[in-house]
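A.B. asks: This is the structure I want to talk about, given as structure tokens.
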Amino acid sequence: MKQGILTDILDYSNRANPYPLYEELRKTPVFHDGDGPYVVSTYFDIQSLLHDPRLSSDAHNLAATAGDPLAEDAEEGAAALPPSFLKLDPPEHDRLRRMTNRPFGPPHSPRRIEGMRDDLHGIVTGLIDNLGDPGRIDLVDQFSYPFPVTMICRLLGVPREDEARFHVWADTLAASLDPDPDSDPTERDKTTHDARMELGMYLAGLIEERRKNPQDDMLSQLAVAHGEDGSMSTMELLSTAALLLIAGHETTVNLITNGMLTLLRNPDVLRQLRETPGLVVPLVEELLRFEPPVQLLPQRTPLVDIEVRGVTIPKGSSMWLILASGNRDPRRFESPDRFDPYRKDIQHLGLGSGIHSCFGAPLARLEAQLALSELARRLENPRLIEDPPPYRQNAVLRGPRHLYVTCDGIRP
């Protein structure tokens with residue numbers, strides 16, 4: 001295998017279609033080049049490692065990252081805050097995740113997500129109503145970006161009059177996740193730092209207010225919770241709220257945008273979705289396999305020497321798990337490069353697996369289902385203006401930065 005394949009995967013010129021590179025990578029199921037990361041690209045190996053307690057997500061266990069081109073991107077960037085549970089191992093990970101899950105979903109809050117359906121539908125309807133000129137629509141800026149952050153504001157309990165401020169912070173933090181070789185790094189760092197500080201101060205004030213006057217929202221329930229796991233400190237709560245905002249926003253933007261791009265490239269499927277709205281449930285699962293919003297998980301590390309496919313991976317090494325490659329592994333999926341919403345066997349890796357599987361998966365699924373079904377129903381004869389579209393610089397959180405579409409009109 002050519003030694004520069006990881007450089008090629010990170011190279012922006014391959015962002016529109018990294019899948020031939022993943023196919024090449026799978027020929028060496030555990031790839032390692034000099035002092036770089038150990039890269040695992042096949043379905044069954046990734047699935048096994050995601051459930052392996054010997055693998056750590058805590059950056060403190062990394063012995064060295066000198067040869068890892070994504071090492072800097074792995075930092076959460078909120079140095080003033082403790083790591084979110086996404087970057088912790090058991091038992092601390094389990095404690096914080098359990099506490100966060102209580103007000104979010106089953107078994108303690110079984111109707112939380114389903115109870116948001118009307119709110120979600122209202123946001124989707126409002127955004128489509130305001131798309132403006134059907135001759136040129138940017139589905140990212142006008143729909144995919146504002147939708148999830150508005151929903152997270154409602155979930156946390158941000159007052160409606162403050163939602164616009166949240167959109168600004170979310171946009172700034174989202175931009176900071178993508179490399180930008182043309183920007184002034186000092187100015188960019190300052191803008192990101194200011195946004196984090198403003199968001200942190202705002203959330204801290206909202207948490208304090210909710211502790212005094214709890215309401216029926218997730219932030220209130222987290223702020224006043226006292227259970228078998230104790231209660232969250234203000235700093236832990238700030239980290240958790242920031243995680244929900246950033247991780248919940250970025251993945252859903254990509255899921256919806258990649259979904260519309262795939263549908264516009266498969267007009268027969270788009271027509272079937274319009275005629276059979278129930279198709280959206282398996283369709284979203286196939287999208288999570290075919291174009292996952294998170295392409296790879298960097299910065300995993302073994303707590304002891306482990307062996308994968310006859311390769312010994314030393315304790316403390318950096319590992320990448322290429323989820324998007326596993327989802328296209330022909331040893332696991334028949335005709336893996338074909339988009340098929342009627343696929344029967346669809347146990348994808350698009351939302352991860354194991355203890356770090358996507359915390360917001362139920363909400364992300366519902367958001368994508370409502371968004372795609374309504375766009376399919378209401379846009380008359382939509383077509384891509386540009387294909388491939390311009391992509392985000394980020395190789396991990398892969399999705400179009402803009403998706404320009406034209407259509408004949410917008411149905412009521």
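Each chain in the structure tokens gets a letter, A, B and so on, in the order shown; residues start at 1 in every chain, and ligands are counted from 1 in the order they appear.
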Can you pull out every residue within 6 Å of range 246-258 of chain A, counting only C-alpha atoms, but drop anything in the same chain fewer than 4 positions away, and send it as a PyMOL selection string?
C.D. replies: chain A and resi 144-145+148-149+293+364+368+399
A.B. asks: Residues within 12 Å of Leu238 in chain A, please, as a list in words. Count only C-alpha atoms; anything in the same chain fewer than 5 positions from it doesn't count.
C.D. replies: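 Listed by chain and then number, they are Ala78, Ala80, Leu81, Pro82, Pro83, Ser84, Phe85, Thr100, Leu156, Arg196, Met197, Leu199, Gly200, Met201, Tyr202, Leu203, Ala204, Gly205, Leu206, Ile207, Glu208, Leu219, Leu222, Ala223, Met232, Ser233, Leu243, Leu244 and Leu245 of chain A.
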A.B. asks: Using the selection just defined, write its residues with C-alpha atoms as an mmCIF file, in the first residue's frame.
C.D. replies:
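part.cif, written as the output of this step:
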```
data_model
loop_
_atom_site.group_PDB
_atom_site.id
_atom_site.type_symbol
_atom_site.label_atom_id
_atom_site.label_comp_id
_atom_site.auth_asym_id
_atom_site.auth_seq_id
_atom_site.Cartn_x
_atom_site.Cartn_y
_atom_site.Cartn_z
ATOM 1 C CA ALA A 78 -12.542 24.138 25.898
ATOM 2 C CA ALA A 80 -11.342 25.868 30.951
ATOM 3 C CA LEU A 81 -13.827 22.994 31.140
ATOM 4 C CA PRO A 82 -13.258 19.391 32.222
ATOM 5 C CA PRO A 83 -13.522 16.802 29.416
ATOM 6 C CA SER A 84 -17.033 15.726 28.457
ATOM 7 C CA PHE A 85 -17.974 12.086 29.001
ATOM 8 C CA THR A 100 -27.257 12.882 31.349
ATOM 9 C CA LEU A 156 -31.900 22.538 27.006
ATOM 10 C CA ARG A 196 -16.604 29.701 24.149
ATOM 11 C CA MET A 197 -16.324 32.160 27.018
ATOM 12 C CA LEU A 199 -21.384 30.584 25.749
ATOM 13 C CA GLY A 200 -19.938 29.304 29.033
ATOM 14 C CA MET A 201 -20.922 32.431 30.948
ATOM 15 C CA TYR A 202 -24.409 32.381 29.453
ATOM 16 C CA LEU A 203 -24.929 28.699 30.307
ATOM 17 C CA ALA A 204 -23.540 29.177 33.823
ATOM 18 C CA GLY A 205 -26.080 31.937 34.411
ATOM 19 C CA LEU A 206 -28.899 29.829 32.974
ATOM 20 C CA ILE A 207 -27.897 26.847 35.151
ATOM 21 C CA GLU A 208 -27.935 29.031 38.265
ATOM 22 C CA LEU A 219 -30.977 21.722 31.798
ATOM 23 C CA LEU A 222 -29.635 18.054 35.159
ATOM 24 C CA ALA A 223 -29.112 21.065 37.431
ATOM 25 C CA MET A 232 -23.282 17.169 38.486
ATOM 26 C CA SER A 233 -20.992 20.022 39.423
ATOM 27 C CA LEU A 243 -21.106 18.572 24.211
ATOM 28 C CA LEU A 244 -24.836 18.420 23.431
ATOM 29 C CA LEU A 245 -24.593 21.695 21.511
#
```
A.B. asks: Would you mind telling me which residue in A:Ser318, A:Ser41, A:Asn130, A:Thr191 lies nearest to Ala63 in chain A when using only C-alpha atoms?
C.D. replies: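 Among the listed residues, the smallest separation from Ala63 in chain A belongs to A:Ser318.
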A.B. asks: Using DSSP on the backbone, list every residue of range 272-319 of chain A that comes out as helix (DSSP H, G or I), and give them as a list of chain:residue names.
C.D. replies: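 Those residues are A:Gln272, A:Leu273, A:Arg274, A:Glu275, A:Pro277, A:Gly278, A:Leu279, A:Val280, A:Val281, A:Pro282, A:Leu283, A:Val284, A:Glu285, A:Glu286, A:Leu287, A:Leu288, A:Arg289, A:Phe290.
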A.B. asks: Would you mind listing what lies within 6 Å of range 346-355 of chain A as a PDB file with N, CA, C and O atoms, in the first residue's frame, with only C-alpha atoms counted and same-chain residues fewer than 2 positions away left out?
C.D. replies:
```
ATOM      1  N   LEU A  50     -14.744  -1.373  19.349  1.00  0.00           N
ATOM      2  CA  LEU A  50     -15.672  -0.437  19.999  1.00  0.00           C
ATOM      3  C   LEU A  50     -16.256  -1.018  21.285  1.00  0.00           C
ATOM      4  O   LEU A  50     -16.731  -0.273  22.143  1.00  0.00           O
ATOM      5  N   HIS A  51     -16.229  -2.329  21.393  1.00  0.00           N
ATOM      6  CA  HIS A  51     -16.752  -3.001  22.596  1.00  0.00           C
ATOM      7  C   HIS A  51     -15.633  -3.517  23.497  1.00  0.00           C
ATOM      8  O   HIS A  51     -15.917  -4.223  24.473  1.00  0.00           O
ATOM      9  N   LEU A 288     -27.049   6.425   7.217  1.00  0.00           N
ATOM     10  CA  LEU A 288     -26.034   6.341   8.274  1.00  0.00           C
ATOM     11  C   LEU A 288     -24.952   5.331   7.923  1.00  0.00           C
ATOM     12  O   LEU A 288     -23.808   5.459   8.351  1.00  0.00           O
ATOM     13  N   ARG A 289     -25.297   4.347   7.128  1.00  0.00           N
ATOM     14  CA  ARG A 289     -24.296   3.391   6.643  1.00  0.00           C
ATOM     15  C   ARG A 289     -23.539   3.973   5.450  1.00  0.00           C
ATOM     16  O   ARG A 289     -22.310   3.969   5.403  1.00  0.00           O
ATOM     17  N   PRO A 292     -21.986   8.227   6.483  1.00  0.00           N
ATOM     18  CA  PRO A 292     -22.069   8.560   7.912  1.00  0.00           C
ATOM     19  C   PRO A 292     -21.533   9.960   8.199  1.00  0.00           C
ATOM     20  O   PRO A 292     -20.534  10.383   7.599  1.00  0.00           O
ATOM     21  N   LEU A 323     -14.911   4.365  10.682  1.00  0.00           N
ATOM     22  CA  LEU A 323     -16.300   3.888  10.652  1.00  0.00           C
ATOM     23  C   LEU A 323     -16.847   3.828   9.226  1.00  0.00           C
ATOM     24  O   LEU A 323     -17.534   2.877   8.854  1.00  0.00           O
ATOM     25  N   ASN A 327     -18.421   0.596   7.163  1.00  0.00           N
ATOM     26  CA  ASN A 327     -19.774   0.605   6.603  1.00  0.00           C
ATOM     27  C   ASN A 327     -19.815   0.218   5.131  1.00  0.00           C
ATOM     28  O   ASN A 327     -20.887  -0.085   4.602  1.00  0.00           O
ATOM     29  N   SER A 357     -21.382   4.782  21.968  1.00  0.00           N
ATOM     30  CA  SER A 357     -22.306   4.965  20.853  1.00  0.00           C
ATOM     31  C   SER A 357     -23.001   6.316  20.999  1.00  0.00           C
ATOM     32  O   SER A 357     -23.133   6.858  22.104  1.00  0.00           O
ATOM     33  N   CYS A 358     -23.432   6.874  19.881  1.00  0.00           N
ATOM     34  CA  CYS A 358     -23.959   8.243  19.860  1.00  0.00           C
ATOM     35  C   CYS A 358     -25.064   8.441  20.891  1.00  0.00           C
ATOM     36  O   CYS A 358     -26.116   7.814  20.827  1.00  0.00           O
TER      37      CYS A 358
END
```
A.B. asks: So, counting only C-alpha atoms, which residue among A:Met319, A:Leu379, A:Val280, A:Ala371 is closest to Thr65 in chain A?
C.D. replies: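 Checking each of A:Met319, A:Leu379, A:Val280, A:Ala371 against Thr65 in chain A, counting only C-alpha atoms, the winner is A:Met319.
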A.B. asks: Return the single residue from A:Ile385, A:Ala71, A:Cys407, A:Ala395 that is closest to Arg15 in chain A, with distances computed using only C-alpha atoms.
C.D. replies: A:Ala395
A.B. asks: Calculated over only C-alpha atoms, which of the candidates A:Ser56, A:Ser13, A:Ser317, A:Ser325 has the smallest distance to Arg26 in chain A?
C.D. replies: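 Of A:Ser56, A:Ser13, A:Ser317, A:Ser325, the one nearest Arg26 in chain A is A:Ser325, counting only C-alpha atoms.
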A.B. asks: For CA of Asp68 in chain A and CA of Leu397 in chain A, determine how far apart the two atoms are, in Å to one decimal place.
C.D. replies: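 So the two atoms, CA of Asp68 in chain A and CA of Leu397 in chain A, lie 17.2 Å apart.
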A.B. asks: Among range 278-367 of chain A, which residues carry a DSSP assignment of strand (DSSP E or B), reported as a list in words?
C.D. replies: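 Secondary structure check on range 278-367 of chain A, strand (DSSP E or B): Val294, Leu297, Pro298, Gln299, Arg300, Thr301, Pro302, Ile306, Glu307, Val308, Val311, Thr312, Ile313, Met319, Trp320, Leu321, Gly350 and Gly352 of chain A.
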A.B. asks: Please produce a file of those selected residues containing all heavy atoms, as a compact mmCIF listing (two decimals), in the first residue's frame.
C.D. replies:
```txt
# COMPACT_ATOMS: atom_id res chain seq x y z
N VAL A 294 -20.05 11.07 10.86
CA VAL A 294 -18.72 10.96 11.47
C VAL A 294 -17.98 9.85 10.72
O VAL A 294 -18.37 8.69 10.78
CB VAL A 294 -18.81 10.63 12.97
CG1 VAL A 294 -17.41 10.49 13.57
CG2 VAL A 294 -19.59 11.71 13.72
N LEU A 297 -13.10 7.73 13.98
CA LEU A 297 -12.86 8.05 15.39
C LEU A 297 -11.35 8.04 15.61
O LEU A 297 -10.73 6.98 15.60
CB LEU A 297 -13.53 7.02 16.29
CG LEU A 297 -15.05 6.90 16.20
CD1 LEU A 297 -15.55 5.78 17.11
CD2 LEU A 297 -15.73 8.21 16.55
N PRO A 298 -10.73 9.22 15.78
CA PRO A 298 -9.29 9.26 16.06
C PRO A 298 -9.03 9.18 17.56
O PRO A 298 -9.94 9.25 18.38
CB PRO A 298 -8.88 10.62 15.50
CG PRO A 298 -10.10 11.48 15.69
CD PRO A 298 -11.30 10.56 15.62
N GLN A 299 -7.79 9.03 17.90
CA GLN A 299 -7.33 9.13 19.29
C GLN A 299 -7.93 8.11 20.25
O GLN A 299 -8.16 8.40 21.42
CB GLN A 299 -7.57 10.54 19.84
CG GLN A 299 -6.36 11.44 19.74
CD GLN A 299 -6.04 11.79 18.29
OE1 GLN A 299 -6.87 12.34 17.59
NE2 GLN A 299 -4.85 11.48 17.85
N ARG A 300 -8.20 6.91 19.79
CA ARG A 300 -8.39 5.81 20.71
C ARG A 300 -7.01 5.25 21.05
O ARG A 300 -6.09 5.37 20.25
CB ARG A 300 -9.25 4.70 20.08
CG ARG A 300 -10.69 5.11 19.78
CD ARG A 300 -11.41 5.48 21.07
NE ARG A 300 -12.85 5.55 20.91
CZ ARG A 300 -13.53 6.64 20.61
NH1 ARG A 300 -12.88 7.76 20.41
NH2 ARG A 300 -14.84 6.61 20.51
N THR A 301 -6.87 4.66 22.22
CA THR A 301 -5.56 4.11 22.59
C THR A 301 -5.71 2.87 23.45
O THR A 301 -6.60 2.82 24.32
CB THR A 301 -4.70 5.17 23.32
OG1 THR A 301 -3.39 4.67 23.53
CG2 THR A 301 -5.30 5.54 24.67
N PRO A 302 -4.89 1.84 23.23
CA PRO A 302 -4.96 0.65 24.07
C PRO A 302 -4.35 0.91 25.46
O PRO A 302 -3.31 1.57 25.57
CB PRO A 302 -4.14 -0.40 23.31
CG PRO A 302 -3.67 0.23 22.06
CD PRO A 302 -3.92 1.69 22.13
N ILE A 306 -2.31 -4.82 22.63
CA ILE A 306 -3.38 -5.68 22.11
C ILE A 306 -3.00 -6.16 20.72
O ILE A 306 -2.19 -5.53 20.03
CB ILE A 306 -4.74 -4.96 22.07
CG1 ILE A 306 -4.71 -3.76 21.09
CG2 ILE A 306 -5.18 -4.50 23.45
CD1 ILE A 306 -6.08 -3.13 20.87
N GLU A 307 -3.58 -7.27 20.33
CA GLU A 307 -3.31 -7.83 19.00
C GLU A 307 -4.57 -7.77 18.16
O GLU A 307 -5.64 -8.20 18.59
CB GLU A 307 -2.82 -9.27 19.12
CG GLU A 307 -2.40 -9.85 17.77
CD GLU A 307 -1.83 -11.26 17.89
OE1 GLU A 307 -0.90 -11.45 18.70
OE2 GLU A 307 -2.34 -12.14 17.17
N VAL A 308 -4.45 -7.20 16.96
CA VAL A 308 -5.55 -7.14 16.01
C VAL A 308 -5.05 -7.66 14.68
O VAL A 308 -4.07 -7.14 14.13
CB VAL A 308 -6.08 -5.69 15.84
CG1 VAL A 308 -7.25 -5.66 14.86
CG2 VAL A 308 -6.50 -5.10 17.18
N VAL A 311 -1.39 -8.14 14.30
CA VAL A 311 -0.54 -6.96 14.52
C VAL A 311 -0.63 -6.58 15.99
O VAL A 311 -1.72 -6.40 16.53
CB VAL A 311 -1.00 -5.78 13.65
CG1 VAL A 311 -0.17 -4.54 13.96
CG2 VAL A 311 -0.91 -6.13 12.17
N THR A 312 0.51 -6.46 16.65
CA THR A 312 0.53 -6.02 18.05
C THR A 312 0.52 -4.49 18.08
O THR A 312 1.41 -3.85 17.51
CB THR A 312 1.76 -6.55 18.78
OG1 THR A 312 1.71 -7.99 18.79
CG2 THR A 312 1.80 -6.04 20.22
N ILE A 313 -0.48 -3.94 18.73
CA ILE A 313 -0.61 -2.48 18.86
C ILE A 313 -0.19 -2.14 20.29
O ILE A 313 -0.85 -2.53 21.25
CB ILE A 313 -2.04 -2.02 18.58
CG1 ILE A 313 -2.47 -2.47 17.17
CG2 ILE A 313 -2.15 -0.50 18.72
CD1 ILE A 313 -3.90 -2.12 16.81
N MET A 319 -4.80 5.24 17.85
CA MET A 319 -5.53 4.41 16.91
C MET A 319 -6.64 5.22 16.26
O MET A 319 -7.27 6.05 16.91
CB MET A 319 -6.14 3.19 17.62
CG MET A 319 -5.14 2.19 18.13
SD MET A 319 -5.97 0.82 18.98
CE MET A 319 -6.85 0.03 17.63
N TRP A 320 -6.87 4.95 14.97
CA TRP A 320 -8.04 5.49 14.28
C TRP A 320 -8.94 4.32 13.91
O TRP A 320 -8.47 3.29 13.40
CB TRP A 320 -7.66 6.18 12.98
CG TRP A 320 -6.85 7.41 13.09
CD1 TRP A 320 -6.33 8.00 14.20
CD2 TRP A 320 -6.43 8.23 11.98
NE1 TRP A 320 -5.62 9.13 13.89
CE2 TRP A 320 -5.67 9.29 12.52
CE3 TRP A 320 -6.62 8.17 10.60
CZ2 TRP A 320 -5.11 10.28 11.71
CZ3 TRP A 320 -6.06 9.15 9.80
CH2 TRP A 320 -5.32 10.19 10.35
N LEU A 321 -10.23 4.48 14.12
CA LEU A 321 -11.23 3.51 13.68
C LEU A 321 -12.03 4.18 12.56
O LEU A 321 -12.75 5.16 12.80
CB LEU A 321 -12.14 3.10 14.83
CG LEU A 321 -11.46 2.59 16.10
CD1 LEU A 321 -12.50 2.20 17.16
CD2 LEU A 321 -10.54 1.42 15.81
N GLY A 350 -22.64 3.82 11.76
CA GLY A 350 -22.81 5.26 11.55
C GLY A 350 -23.01 6.05 12.83
O GLY A 350 -22.76 7.26 12.85
N GLY A 352 -21.67 4.80 15.76
CA GLY A 352 -20.76 4.14 16.68
C GLY A 352 -21.37 2.86 17.22
O GLY A 352 -22.34 2.32 16.70
```
A.B. asks: For each of A:Ser231, A:Asn61, A:Ser239, A:Asn394, take the minimum atom-to-atom distance to Val304 in chain A, counting only C-alpha atoms, then give the residue where this is smallest.
C.D. replies: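 Comparing A:Ser231, A:Asn61, A:Ser239, A:Asn394 against Val304 in chain A, the winner is A:Asn61.
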A.B. asks: Could you give me, as a list in words, the residues within 9 Å of Asp119 in chain A, counting only C-alpha atoms and dropping anything in the same chain fewer than 5 positions from it?
C.D. replies: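 My reading of the contact set: Val124, Met151 and Arg154 of chain A.
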A.B. asks: Kindly give the distance, in Å, that separates CA of His402 in chain A and CA of Pro146 in chain A, rounded to a single decimal.
C.D. replies: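 Atom-to-atom, CA of His402 in chain A to CA of Pro146 in chain A, that is 13.1 Å.
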A.B. asks: Just how far from CA of Tyr342 in chain A is CA of Gly278 in chain A, in Å to one decimal?
C.D. replies: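 Atom-to-atom, CA of Gly278 in chain A and CA of Tyr342 in chain A are spaced 11.7 Å apart.
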A.B. asks: Give me the residues of range 302-361 of chain A that have any atom at most 12 Å from an atom of range 103-116 of chain A; for each, the nearest atom pair and the distance in Å, rounded to one decimal. Use only C-alpha atoms, sort by chain and number, and format it as CSV.
C.D. replies:
```
residue,atom,partner,partner_atom,distance
A:Phe359,CA,A:Phe104,CA,9.4
A:Gly360,CA,A:Phe104,CA,8.6
A:Ala361,CA,A:Ile113,CA,10.3
```
A.B. asks: Pick the closest to Asp337 in chain A from A:Pro185, A:Ala324, A:Leu296, A:Arg398: which is it, counting only C-alpha atoms?
C.D. replies: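 Of A:Pro185, A:Ala324, A:Leu296, A:Arg398, the one nearest Asp337 in chain A, counting only C-alpha atoms, is A:Ala324.
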